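Everything on this sheet refers to the single structure shown next.
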Amino acid sequence: FDLNSTTLKPESAAKLDNLVAFLNEHPQANVEVVGYTDTSGPAAYNLKVSEKRAESVANALVEKGIDSSRIQARGEGENNPIASNDTREGRQQNRRVEVVVPEFEYQVQQ
């Protein structure tokens, strides 16, 4: 994500297709979408931006046919950085959304 943006970059949007294919193959699986920001700006503002980033990805999944009941979206603001916020590159890496598929049970069709 760009600074202050909640719009998915085209190259990131394309990566969702693999997730959608997986979720279509495993209809019992759910997904957690968690948004993050860098430390630029006030913490309360960053929390809202992170929530909107998560919602942006969740909405993209719904647009690709995933039922909204299978998706939980939340924002973590500037918590849990994966890189230093002291550099432009690090801040860019921290402006992200992580998608987690919790453990689920499935049966193999024979």
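Letters A, B, ... go to the chains of the structure tokens in the order shown; residues in each chain start at 1; ligands are counted from 1 in the same order.
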Problem set entry | Test item: residues at most 7 Å from Glu51 of chain A, only C-alpha atoms, excluding those fewer than 5 positions along its chain, as an NGL selection string | :A and (35 or 74-75)
Could you write out the selected residues, including C-alpha atoms, as a short mmCIF file (atom, residue, chain, number, x, y, z; two decimals), in the first residue's frame?
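That gives us result.cif:
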```cif
data_model
loop_
_atom_site.label_atom_id
_atom_site.label_comp_id
_atom_site.auth_asym_id
_atom_site.auth_seq_id
_atom_site.Cartn_x
_atom_site.Cartn_y
_atom_site.Cartn_z
CA GLY A 35 -4.13 -4.68 8.08
CA ARG A 74 -9.32 -6.29 11.43
CA GLY A 75 -6.68 -3.63 11.72
#
```
Exercise. As an NGL selection string, which residues of segment 7-100 of chain A does DSSP assign to alpha helix (DSSP H)?
Worked result: :A and (10-25 or 43-63 or 88-94)
Output C-alpha atoms of each residue in that selection to a file, as an mmCIF file, in the first residue's frame.
```cif
data_model
loop_
_atom_site.group_PDB
_atom_site.id
_atom_site.type_symbol
_atom_site.label_atom_id
_atom_site.label_comp_id
_atom_site.auth_asym_id
_atom_site.auth_seq_id
_atom_site.Cartn_x
_atom_site.Cartn_y
_atom_site.Cartn_z
ATOM 1 C CA PRO A 10 -2.629 -4.034 -9.059
ATOM 2 C CA GLU A 11 0.242 -6.478 -8.523
ATOM 3 C CA SER A 12 -1.103 -7.280 -5.055
ATOM 4 C CA ALA A 13 -4.665 -7.677 -6.282
ATOM 5 C CA ALA A 14 -3.483 -10.299 -8.769
ATOM 6 C CA LYS A 15 -1.969 -12.342 -5.914
ATOM 7 C CA LEU A 16 -5.433 -12.791 -4.427
ATOM 8 C CA ASP A 17 -6.352 -15.171 -7.248
ATOM 9 C CA ASN A 18 -4.232 -17.938 -5.668
ATOM 10 C CA LEU A 19 -6.004 -17.434 -2.348
ATOM 11 C CA VAL A 20 -9.412 -17.462 -4.034
ATOM 12 C CA ALA A 21 -8.537 -20.719 -5.816
ATOM 13 C CA PHE A 22 -7.485 -22.271 -2.497
ATOM 14 C CA LEU A 23 -10.665 -21.095 -0.748
ATOM 15 C CA ASN A 24 -12.801 -22.425 -3.599
ATOM 16 C CA GLU A 25 -11.083 -25.814 -3.286
ATOM 17 C CA ALA A 43 -1.638 5.962 16.174
ATOM 18 C CA ALA A 44 -5.450 6.395 16.149
ATOM 19 C CA TYR A 45 -5.370 7.443 12.486
ATOM 20 C CA ASN A 46 -3.101 4.520 11.613
ATOM 21 C CA LEU A 47 -5.503 2.103 13.285
ATOM 22 C CA LYS A 48 -8.349 3.340 11.072
ATOM 23 C CA VAL A 49 -6.184 3.125 7.951
ATOM 24 C CA SER A 50 -5.166 -0.437 8.844
ATOM 25 C CA GLU A 51 -8.814 -1.413 9.317
ATOM 26 C CA LYS A 52 -9.696 0.053 5.919
ATOM 27 C CA ARG A 53 -6.809 -1.820 4.301
ATOM 28 C CA ALA A 54 -8.086 -5.096 5.728
ATOM 29 C CA GLU A 55 -11.614 -4.256 4.561
ATOM 30 C CA SER A 56 -10.272 -3.446 1.088
ATOM 31 C CA VAL A 57 -8.761 -6.922 0.782
ATOM 32 C CA ALA A 58 -11.866 -8.557 2.284
ATOM 33 C CA ASN A 59 -14.051 -6.727 -0.245
ATOM 34 C CA ALA A 60 -11.789 -7.856 -3.085
ATOM 35 C CA LEU A 61 -12.244 -11.470 -1.944
ATOM 36 C CA VAL A 62 -16.025 -11.025 -1.863
ATOM 37 C CA GLU A 63 -15.931 -9.517 -5.371
ATOM 38 C CA ARG A 88 11.420 4.537 3.411
ATOM 39 C CA GLU A 89 11.786 0.894 2.335
ATOM 40 C CA GLY A 90 10.984 -0.343 5.828
ATOM 41 C CA ARG A 91 7.904 1.862 6.103
ATOM 42 C CA GLN A 92 6.716 0.564 2.715
ATOM 43 C CA GLN A 93 7.036 -3.032 3.951
ATOM 44 C CA ASN A 94 5.049 -2.215 7.084
#
```
Problem set entry | Residue contacts of Phe1 of chain A (8 Å, only C-alpha atoms) excluding same-chain residues fewer than 5 positions away, as a ChimeraX atom specification | /A:6-9,92,95-96
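Distances from A:Ala29, A:Thr39, A:Asp2, A:Glu103 to Glu76 of chain A were compared using only C-alpha atoms, and the smallest one belongs to A:Thr39.
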Problem set entry | A:Gly77, A:Val100, A:Ile71, A:Gly65 ranked by distance to Thr37 of chain A, top pick (using only C-alpha atoms) | A:Gly77
